[in-house]
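So this block is entry09.cif, mmCIF, C-alpha atoms:
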data_query
#
loop_
_atom_site.group_PDB
_atom_site.id
_atom_site.type_symbol
_atom_site.label_atom_id
_atom_site.label_comp_id
_atom_site.auth_asym_id
_atom_site.auth_seq_id
_atom_site.Cartn_x
_atom_site.Cartn_y
_atom_site.Cartn_z
ATOM 1 C CA MET A 1 39.619 89.789 -11.405
ATOM 2 C CA ALA A 2 36.678 91.759 -12.799
ATOM 3 C CA LEU A 3 33.916 89.631 -14.313
ATOM 4 C CA ASP A 4 33.100 92.187 -16.982
ATOM 5 C CA THR A 5 35.319 93.040 -19.943
ATOM 6 C CA GLY A 6 36.138 96.602 -18.830
ATOM 7 C CA VAL A 7 39.629 97.911 -18.199
ATOM 8 C CA LYS A 8 40.899 97.380 -14.678
ATOM 9 C CA GLU A 9 43.851 99.406 -13.429
ATOM 10 C CA VAL A 10 45.943 97.086 -11.270
ATOM 11 C CA LEU A 11 49.044 99.192 -10.654
ATOM 12 C CA ASP A 12 49.840 102.912 -10.655
ATOM 13 C CA ASN A 13 53.148 103.692 -8.957
ATOM 14 C CA HIS A 14 55.967 106.191 -9.119
ATOM 15 C CA TYR A 15 59.340 104.607 -8.500
ATOM 16 C CA PRO A 16 62.643 106.270 -7.619
ATOM 17 C CA SER A 17 65.355 106.029 -10.260
ATOM 18 C CA THR A 18 67.285 103.125 -8.740
ATOM 19 C CA LEU A 19 68.116 99.567 -9.724
ATOM 20 C CA GLU A 20 66.066 98.400 -6.742
ATOM 21 C CA SER A 21 63.036 99.925 -8.464
ATOM 22 C CA VAL A 22 63.678 97.693 -11.469
ATOM 23 C CA ASP A 23 63.399 94.601 -9.264
ATOM 24 C CA LEU A 24 60.356 95.957 -7.445
ATOM 25 C CA ALA A 25 58.434 96.929 -10.570
ATOM 26 C CA GLU A 26 59.238 93.585 -12.198
ATOM 27 C CA SER A 27 58.000 91.739 -9.133
ATOM 28 C CA GLU A 28 54.774 93.714 -8.876
ATOM 29 C CA ILE A 29 53.968 93.425 -12.563
ATOM 30 C CA LEU A 30 54.674 89.698 -12.530
ATOM 31 C CA LYS A 31 52.118 89.321 -9.736
ATOM 32 C CA ALA A 32 49.585 91.088 -11.933
ATOM 33 C CA ALA A 33 50.468 88.846 -14.861
ATOM 34 C CA GLU A 34 50.091 85.705 -12.779
ATOM 35 C CA GLN A 35 46.764 86.841 -11.359
ATOM 36 C CA SER A 36 45.567 87.615 -14.875
ATOM 37 C CA GLY A 37 46.194 84.019 -15.914
ATOM 38 C CA PHE A 38 49.389 84.236 -17.981
ATOM 39 C CA ASP A 39 51.363 80.995 -18.029
ATOM 40 C CA GLU A 40 54.922 80.699 -16.744
ATOM 41 C CA ASP A 41 56.569 81.238 -20.113
ATOM 42 C CA ASP A 42 54.560 84.382 -20.800
ATOM 43 C CA GLN A 43 55.247 85.627 -17.278
ATOM 44 C CA HIS A 44 58.961 85.224 -17.975
ATOM 45 C CA ARG A 45 58.670 87.161 -21.235
ATOM 46 C CA ILE A 46 56.675 89.938 -19.542
ATOM 47 C CA GLY A 47 59.215 90.089 -16.721
ATOM 48 C CA MET A 48 62.109 90.363 -19.184
ATOM 49 C CA ALA A 49 60.402 93.150 -21.150
ATOM 50 C CA VAL A 50 59.523 95.074 -18.002
ATOM 51 C CA ARG A 51 63.049 94.744 -16.654
ATOM 52 C CA GLU A 52 64.580 96.042 -19.903
ATOM 53 C CA CYS A 53 62.112 98.919 -20.005
ATOM 54 C CA MET A 54 62.682 99.890 -16.371
ATOM 55 C CA VAL A 55 66.453 99.771 -16.814
ATOM 56 C CA ASN A 56 66.155 102.063 -19.823
ATOM 57 C CA ALA A 57 63.987 104.471 -17.831
ATOM 58 C CA VAL A 58 66.247 104.495 -14.769
ATOM 59 C CA VAL A 59 69.631 104.406 -16.481
ATOM 60 C CA HIS A 60 69.182 106.149 -19.841
ATOM 61 C CA GLY A 61 66.069 108.248 -19.235
ATOM 62 C CA ASN A 62 66.382 109.488 -15.693
ATOM 63 C CA ARG A 63 70.148 108.760 -15.389
ATOM 64 C CA TYR A 64 69.729 107.621 -11.784
ATOM 65 C CA ASN A 65 68.599 111.155 -10.877
ATOM 66 C CA ARG A 66 66.980 110.941 -7.454
ATOM 67 C CA ASN A 67 64.772 113.897 -8.326
ATOM 68 C CA LYS A 68 63.211 112.014 -11.225
ATOM 69 C CA LYS A 69 60.692 109.211 -11.013
ATOM 70 C CA VAL A 70 59.579 106.358 -13.234
ATOM 71 C CA HIS A 71 55.797 106.192 -13.568
ATOM 72 C CA VAL A 72 54.409 102.697 -14.056
ATOM 73 C CA ARG A 73 50.770 101.970 -14.860
ATOM 74 C CA VAL A 74 49.390 98.519 -15.507
ATOM 75 C CA SER A 75 45.885 97.663 -16.633
ATOM 76 C CA VAL A 76 44.106 94.466 -17.520
ATOM 77 C CA ASP A 77 41.178 94.116 -19.873
ATOM 78 C CA GLY A 78 39.480 91.469 -21.942
ATOM 79 C CA PRO A 79 37.492 88.368 -21.013
ATOM 80 C CA ALA A 80 38.842 85.916 -18.456
ATOM 81 C CA GLN A 81 40.039 83.503 -21.121
ATOM 82 C CA GLY A 82 41.959 86.133 -23.092
ATOM 83 C CA ALA A 83 43.198 88.828 -20.735
ATOM 84 C CA ARG A 84 45.285 91.632 -22.167
ATOM 85 C CA LEU A 85 47.953 93.268 -20.010
ATOM 86 C CA THR A 86 48.929 96.843 -20.856
ATOM 87 C CA ILE A 87 52.005 98.295 -19.170
ATOM 88 C CA ARG A 88 52.972 101.949 -19.491
ATOM 89 C CA ILE A 89 56.392 103.015 -18.231
ATOM 90 C CA THR A 90 57.245 106.713 -18.369
ATOM 91 C CA ASP A 91 60.525 108.391 -17.461
ATOM 92 C CA GLN A 92 61.387 112.060 -17.044
ATOM 93 C CA GLY A 93 64.415 112.085 -19.298
ATOM 94 C CA GLU A 94 65.350 114.005 -22.403
ATOM 95 C CA GLY A 95 63.739 111.533 -24.772
ATOM 96 C CA PHE A 96 65.311 109.824 -27.790
ATOM 97 C CA GLU A 97 64.597 109.050 -31.426
ATOM 98 C CA MET A 98 63.892 105.393 -32.228
ATOM 99 C CA HIS A 99 65.418 105.709 -35.675
ATOM 100 C CA GLN A 100 68.721 106.683 -34.101
ATOM 101 C CA VAL A 101 68.957 103.479 -32.070
ATOM 102 C CA PRO A 102 71.380 101.065 -33.793
ATOM 103 C CA ASP A 103 69.965 97.715 -34.900
ATOM 104 C CA PRO A 104 71.546 95.155 -32.539
ATOM 105 C CA LEU A 105 71.036 92.402 -35.121
ATOM 106 C CA HIS A 106 73.095 94.142 -37.776
ATOM 107 C CA ASP A 107 76.402 92.376 -38.353
ATOM 108 C CA THR A 108 78.370 95.473 -37.363
ATOM 109 C CA ASN A 109 76.524 95.694 -34.035
ATOM 110 C CA LEU A 110 76.393 92.054 -32.961
ATOM 111 C CA LEU A 111 79.394 92.312 -30.660
ATOM 112 C CA ARG A 112 78.423 95.617 -29.104
ATOM 113 C CA HIS A 113 78.370 95.611 -25.327
ATOM 114 C CA SER A 114 74.924 97.199 -25.102
ATOM 115 C CA GLY A 115 71.935 98.250 -27.172
ATOM 116 C CA ARG A 116 69.703 95.161 -27.069
ATOM 117 C CA GLY A 117 67.094 96.326 -24.555
ATOM 118 C CA LEU A 118 64.567 97.918 -26.908
ATOM 119 C CA PHE A 119 64.832 95.028 -29.328
ATOM 120 C CA LEU A 120 64.197 92.477 -26.560
ATOM 121 C CA MET A 121 61.182 94.403 -25.278
ATOM 122 C CA GLY A 122 59.626 94.197 -28.728
ATOM 123 C CA ALA A 123 60.567 90.545 -29.095
ATOM 124 C CA PHE A 124 58.978 89.487 -25.821
ATOM 125 C CA MET A 125 55.727 91.433 -26.036
ATOM 126 C CA ASP A 126 52.897 91.358 -28.580
ATOM 127 C CA ASP A 127 53.068 95.095 -29.111
ATOM 128 C CA MET A 128 55.380 97.906 -28.084
ATOM 129 C CA LYS A 129 55.041 101.616 -28.671
ATOM 130 C CA VAL A 130 57.494 104.364 -27.783
ATOM 131 C CA ARG A 131 56.443 107.994 -27.735
ATOM 132 C CA LYS A 132 57.332 111.288 -26.179
ATOM 133 C CA ALA A 133 55.315 111.663 -22.993
ATOM 134 C CA GLU A 134 52.998 114.674 -22.735
ATOM 135 C CA GLU A 135 54.682 115.786 -19.550
ATOM 136 C CA GLY A 136 58.155 115.278 -21.062
ATOM 137 C CA GLY A 137 60.307 112.186 -21.085
ATOM 138 C CA THR A 138 59.557 108.919 -22.830
ATOM 139 C CA GLU A 139 56.526 106.685 -22.471
ATOM 140 C CA VAL A 140 56.788 103.046 -23.491
ATOM 141 C CA THR A 141 53.625 100.968 -23.809
ATOM 142 C CA LEU A 142 53.968 97.187 -23.688
ATOM 143 C CA VAL A 143 51.044 94.907 -24.440
ATOM 144 C CA LYS A 144 50.665 91.172 -24.077
ATOM 145 C CA SER A 145 47.566 89.037 -24.477
ATOM 146 C CA ILE A 146 46.898 85.506 -23.346
ATOM 147 C CA GLY A 147 46.756 83.203 -26.334
ATOM 148 C CA ALA A 148 48.213 85.727 -28.787
ATOM 149 C CA ARG A 149 50.642 84.645 -31.528
ATOM 150 C CA GLU A 150 54.217 83.720 -30.469
ATOM 151 C CA MET B 1 74.690 88.244 -3.943
ATOM 152 C CA SER B 2 72.541 87.702 -7.037
ATOM 153 C CA VAL B 3 75.197 85.628 -8.821
ATOM 154 C CA LYS B 4 77.708 83.057 -7.584
ATOM 155 C CA LEU B 5 80.915 82.261 -9.418
ATOM 156 C CA ASN B 6 83.194 79.292 -8.832
ATOM 157 C CA THR B 7 86.416 78.834 -10.763
ATOM 158 C CA ARG B 8 88.188 75.490 -11.264
ATOM 159 C CA GLN B 9 90.775 74.008 -13.573
ATOM 160 C CA VAL B 10 90.252 71.042 -15.835
ATOM 161 C CA GLY B 11 93.659 70.545 -17.356
ATOM 162 C CA ASP B 12 94.582 73.829 -18.981
ATOM 163 C CA VAL B 13 90.951 74.915 -19.278
ATOM 164 C CA THR B 14 89.505 77.303 -16.692
ATOM 165 C CA VAL B 15 85.896 76.458 -15.964
ATOM 166 C CA VAL B 16 83.750 79.150 -14.349
ATOM 167 C CA ASP B 17 80.565 77.757 -12.825
ATOM 168 C CA VAL B 18 77.976 80.529 -12.809
ATOM 169 C CA SER B 19 74.746 80.338 -10.846
ATOM 170 C CA GLY B 20 71.973 82.790 -10.137
ATOM 171 C CA ARG B 21 70.938 85.917 -11.979
ATOM 172 C CA ILE B 22 73.187 87.844 -14.345
ATOM 173 C CA THR B 23 71.441 91.202 -14.416
ATOM 174 C CA LEU B 24 72.471 94.850 -14.446
ATOM 175 C CA GLY B 25 74.300 95.654 -11.242
ATOM 176 C CA GLU B 26 75.973 93.103 -9.011
ATOM 177 C CA GLY B 27 75.460 90.133 -11.292
ATOM 178 C CA SER B 28 76.786 91.559 -14.520
ATOM 179 C CA SER B 29 79.641 93.349 -12.716
ATOM 180 C CA ALA B 30 80.791 90.140 -11.057
ATOM 181 C CA LEU B 31 80.872 88.313 -14.389
ATOM 182 C CA ARG B 32 82.737 91.178 -16.029
ATOM 183 C CA ASP B 33 85.302 91.308 -13.232
ATOM 184 C CA ILE B 34 86.070 87.603 -13.235
ATOM 185 C CA LEU B 35 86.485 87.414 -16.997
ATOM 186 C CA ARG B 36 88.793 90.430 -17.000
ATOM 187 C CA GLU B 37 90.783 88.985 -14.112
ATOM 188 C CA LEU B 38 91.173 85.582 -15.758
ATOM 189 C CA SER B 39 92.169 87.139 -19.049
ATOM 190 C CA ALA B 40 94.678 89.478 -17.389
ATOM 191 C CA LYS B 41 96.245 86.495 -15.633
ATOM 192 C CA GLY B 42 96.829 84.845 -18.978
ATOM 193 C CA ASN B 43 94.034 82.274 -18.994
ATOM 194 C CA LYS B 44 93.427 81.574 -22.665
ATOM 195 C CA LYS B 45 90.926 78.722 -22.443
ATOM 196 C CA ILE B 46 87.813 79.743 -20.519
ATOM 197 C CA LEU B 47 84.610 77.745 -20.308
ATOM 198 C CA LEU B 48 81.559 79.419 -18.784
ATOM 199 C CA ASN B 49 79.207 76.855 -17.286
ATOM 200 C CA LEU B 50 75.802 78.562 -17.332
ATOM 201 C CA GLY B 51 73.777 75.527 -16.259
ATOM 202 C CA ASP B 52 72.573 77.163 -13.049
ATOM 203 C CA VAL B 53 71.921 80.615 -14.462
ATOM 204 C CA THR B 54 68.265 81.241 -13.759
ATOM 205 C CA TYR B 55 67.985 84.608 -15.442
ATOM 206 C CA ILE B 56 70.019 86.860 -17.718
ATOM 207 C CA ASP B 57 69.096 90.272 -19.053
ATOM 208 C CA SER B 58 70.581 92.339 -21.871
ATOM 209 C CA SER B 59 73.309 93.607 -19.528
ATOM 210 C CA GLY B 60 74.305 90.049 -18.774
ATOM 211 C CA ILE B 61 74.338 89.271 -22.490
ATOM 212 C CA GLY B 62 76.512 92.341 -22.934
ATOM 213 C CA GLU B 63 79.048 91.021 -20.426
ATOM 214 C CA LEU B 64 79.143 87.635 -22.196
ATOM 215 C CA VAL B 65 79.871 89.449 -25.453
ATOM 216 C CA SER B 66 82.463 91.759 -23.866
ATOM 217 C CA GLY B 67 84.110 88.783 -22.206
ATOM 218 C CA PHE B 68 84.224 86.943 -25.510
ATOM 219 C CA THR B 69 85.902 89.939 -27.142
ATOM 220 C CA THR B 70 88.317 90.584 -24.288
ATOM 221 C CA VAL B 71 89.500 86.978 -24.190
ATOM 222 C CA ALA B 72 89.791 86.853 -27.991
ATOM 223 C CA ASN B 73 91.843 90.051 -28.023
ATOM 224 C CA GLN B 74 94.280 88.343 -25.651
ATOM 225 C CA GLY B 75 94.595 85.420 -28.028
ATOM 226 C CA GLY B 76 92.274 83.178 -26.054
ATOM 227 C CA THR B 77 88.863 81.529 -26.449
ATOM 228 C CA LEU B 78 85.697 81.779 -24.369
ATOM 229 C CA LYS B 79 83.104 79.035 -24.774
ATOM 230 C CA LEU B 80 79.718 78.358 -23.202
ATOM 231 C CA LEU B 81 78.398 75.232 -21.534
ATOM 232 C CA ASN B 82 74.971 73.963 -20.430
ATOM 233 C CA LEU B 83 72.686 76.727 -21.622
ATOM 234 C CA THR B 84 69.156 76.543 -20.246
ATOM 235 C CA LYS B 85 66.376 76.826 -22.805
ATOM 236 C CA ARG B 86 65.685 80.435 -21.853
ATOM 237 C CA VAL B 87 69.312 81.515 -22.158
ATOM 238 C CA LYS B 88 69.623 79.643 -25.445
ATOM 239 C CA ASP B 89 66.469 81.318 -26.774
ATOM 240 C CA LEU B 90 67.841 84.708 -25.776
ATOM 241 C CA LEU B 91 71.124 84.105 -27.576
ATOM 242 C CA GLN B 92 69.271 82.870 -30.631
ATOM 243 C CA ILE B 93 66.959 85.850 -30.952
ATOM 244 C CA THR B 94 69.902 88.225 -30.531
ATOM 245 C CA LYS B 95 71.787 86.265 -33.201
ATOM 246 C CA LEU B 96 74.577 85.498 -30.754
ATOM 247 C CA TYR B 97 74.079 81.733 -30.561
ATOM 248 C CA THR B 98 76.282 81.183 -33.594
ATOM 249 C CA VAL B 99 78.900 83.644 -32.360
ATOM 250 C CA PHE B 100 79.712 81.529 -29.339
ATOM 251 C CA ASP B 101 80.874 77.922 -29.354
ATOM 252 C CA VAL B 102 78.170 76.298 -27.207
ATOM 253 C CA HIS B 103 78.433 72.862 -25.636
ATOM 254 C CA GLU B 104 76.121 70.574 -23.693
ATOM 255 C CA GLU B 105 78.712 68.277 -22.157
ATOM 256 C CA GLU B 106 81.746 69.419 -20.164
ATOM 257 C CA ALA B 107 84.266 66.788 -21.214
ATOM 258 C CA HIS B 108 83.476 67.421 -24.848
ATOM 259 C CA ALA B 109 83.714 71.171 -24.310
ATOM 260 C CA VAL B 110 87.133 70.833 -22.640
ATOM 261 C CA ARG B 111 88.443 68.638 -25.474
ATOM 262 C CA SER B 112 87.254 71.185 -28.030
ATOM 263 C CA PHE B 113 89.857 73.699 -26.828
ATOM 264 C CA ALA B 114 92.675 71.486 -28.056
#
Could the structure of this file be written out as structure tokens, please?
Amino acid sequence: MALDTGVKEVLDNHYPSTLESVDLAESEILKAAEQSGFDEDDQHRIGMAVRECMVNAVVHGNRYNRNKKVHVRVSVDGPAQGARLTIRITDQGEGFEMHQVPDPLHDTNLLRHSGRGLFLMGAFMDDMKVRKAEEGGTEVTLVKSIGARE
Amino acid sequence: MSVKLNTRQVGDVTVVDVSGRITLGEGSSALRDILRELSAKGNKKILLNLGDVTYIDSSGIGELVSGFTTVANQGGTLKLLNLTKRVKDLLQITKLYTVFDVHEEEAHAVRSFA
């Protein structure tokens, strides 16, 4: 790990739109989280958020289209005792509007079969942003810091 | 296979011992299939033992919810047993912990179907 407090890019991959990519990205990002000093509980939360985000990108964004990729970039910054992990996951789909996503905690939605992924990503990370990617598709940014609030 | 399922009878209660990962794909499909099969065969008292479930994602949660609904629509009851802390936390933050009847001890869970 870098001794200075600059940003260090630790992962920059394009994955095919398959469920195997979800496992692979999760595994690679968890390695980065472990090497950055996150404890086991935080690693689990990061892994869960990454998995949900990758599934969204593969299934809902790219719709398993073999001609579309999921771009994953991971960087680490901050001092050794308070590393911050930033994960950017970008698909090549049509995009969506956050305000149109049903609230999975609303009484009328509790027993829905799906629709909890975005909520869980936000619950497990310190910060989450969703925006339309410049090149088209959706970019989700997930951030987690060591020692941040629960 | 990412998930293993073992079915056994304890009186008139069908216990499904689940181990491994219940995630989108093989894991969640296997859980969905067994719950549908049990319900279609007329099993009305189903206890899911999740003590050896190491990981569950939102798809797995979705199959638990769908299974709960499917069994209920057939006039039956689906209950949960032996949740790990992580699975319990997940059900709590999704407000599903109070939807399911959750137990920590099998004999007690089986008696609760009476």
- Item | Non-local contacts of Lys41 (chain B) (12 Å; all atoms listed in the file; under 5 positions in same chain excluded) as a list in words |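 Listed by chain and then number, they are Thr14, Ile34, Leu35, Arg36, Ile46, Val71, Gln74 and Gly76 of chain B.
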Which residues fall under the PyMOL selection byres ((chain B) within 6 of (chain A)) in this file, as a PDB file with C-alpha atoms, keeping the file's coordinate frame?
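Dumped everything to selection33.pdb:
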ATOM      1  CA  SER B  58      70.581  92.339 -21.871  1.00  0.00           C
ATOM      2  CA  GLY B  62      76.512  92.341 -22.934  1.00  0.00           C
ATOM      3  CA  VAL B  65      79.871  89.449 -25.453  1.00  0.00           C
ATOM      4  CA  SER B  66      82.463  91.759 -23.866  1.00  0.00           C
TER       5      SER B  66
END
- Residue neighbourhood Leu90 (chain B), 10 Å, only C-alpha atoms, exclusion window fewer than 2 positions, as JSON, numbers by chain: {"A": [120, 123], "B": [56, 57, 58, 61, 84, 85, 86, 87, 88, 92, 93, 94, 95, 96, 97]}
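Taken over the whole file, the PyMOL selection byres ((chain A and resi 28) around 12) covers exactly Val10, Leu11, Asp12, Asn13, Tyr15, Ser21, Val22, Asp23, Leu24, Ala25, Glu26, Ser27, Ile29, Leu30, Lys31, Ala32, Ala33, Glu34, Gln35, Gln43, Ile46, Gly47, Val50, Arg51, Val72, Arg73, Val74 and Ile87 of chain A.
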- Written as number ranges by chain, what is the full residue list that the PyMOL selection byres ((chain B and resi 20) around 10) yields on the file shown? B: 1-5, 18-19, 21-23, 27, 50-56
For Ala107 (chain B): contacts at 12 Å, only C-alpha atoms, fewer than 2 positions along chain excluded, given as a compact mmCIF listing (two decimals) with C-alpha atoms, in the coordinates of the input:
# COMPACT_ATOMS: atom_id res chain seq x y z
CA VAL B 10 90.25 71.04 -15.84
CA GLY B 11 93.66 70.54 -17.36
CA VAL B 13 90.95 74.92 -19.28
CA VAL B 15 85.90 76.46 -15.96
CA LEU B 47 84.61 77.74 -20.31
CA ASN B 49 79.21 76.86 -17.29
CA LEU B 81 78.40 75.23 -21.53
CA ASN B 82 74.97 73.96 -20.43
CA HIS B 103 78.43 72.86 -25.64
CA GLU B 104 76.12 70.57 -23.69
CA GLU B 105 78.71 68.28 -22.16
CA ALA B 109 83.71 71.17 -24.31
CA VAL B 110 87.13 70.83 -22.64
CA ARG B 111 88.44 68.64 -25.47
CA SER B 112 87.25 71.18 -28.03
CA PHE B 113 89.86 73.70 -26.83
CA ALA B 114 92.68 71.49 -28.06
- Between CA of Asp126 (chain A) and CA of Phe38 (chain A) - distance in Å to one decimal: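 Straight-line distance from CA of Phe38 (chain A) to CA of Asp126 (chain A) works out to 13.2 Å.
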- Point out the residue among B:Asp17, B:Glu26, B:Glu106, B:Asp101 with the least atom-to-atom distance to Thr77 (chain B), counting only C-alpha atoms.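 Counting only C-alpha atoms, the residue closest to Thr77 (chain B) is B:Asp101.
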- Task: Please provide as number ranges by chain all residues within 7 Å of Glu63 (chain B), with the sequence filter that same-chain residues fewer than 4 positions apart are discarded (counting only C-alpha atoms).
- Result: A: 113; B: 28, 31-32, 59, 67
Coordinates of box centre and edge lengths for region 58-75 of chain B, 5 Å on every side, axis-aligned, as JSON:
{"center_x": 82.6, "center_y": 89.5, "center_z": -23.4, "size_x": 34.0, "size_y": 18.2, "size_z": 19.3}
- Message: I want to know what sits within 7 Å of Ile146 (chain A), based on all atoms listed in the file, with residues of the same chain fewer than 3 positions away left out; could you give that as a PyMOL selection string?
- Response: chain A and resi 38+82-84
Just the selected residues (C-alpha atoms), exported as a compact mmCIF listing (two decimals), in the frame of the given file, please.
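Writing the result to again_8.txt gives the following:
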# COMPACT_ATOMS: atom_id res chain seq x y z
CA PHE A 38 49.39 84.24 -17.98
CA GLY A 82 41.96 86.13 -23.09
CA ALA A 83 43.20 88.83 -20.74
CA ARG A 84 45.28 91.63 -22.17
- Message: Counting all atoms listed in the file, which residues sit no farther than 10 Å from the position (58.0, 109.0, -8.1) in the file's frame? I'd like them as a PyMOL selection string.
- Response: chain A and resi 13-17+66-72+91
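Of note, CA of Gly136 (chain A) and CA of Gly25 (chain B) are spaced 27.2 Å apart.
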- Atomic separation - CA of Gly42 (chain B) relative to CA of Val102 (chain B), Å: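 We find that CA of Val102 (chain B) and CA of Gly42 (chain B) lie 22.1 Å from each other.
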- Item | B:Asn43, B:Leu91, B:His108, B:Ala30 ranked by distance to Ala72 (chain B), top pick (using all atoms listed in the file) |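 Closest to Ala72 (chain B), using all atoms listed in the file: B:Asn43.
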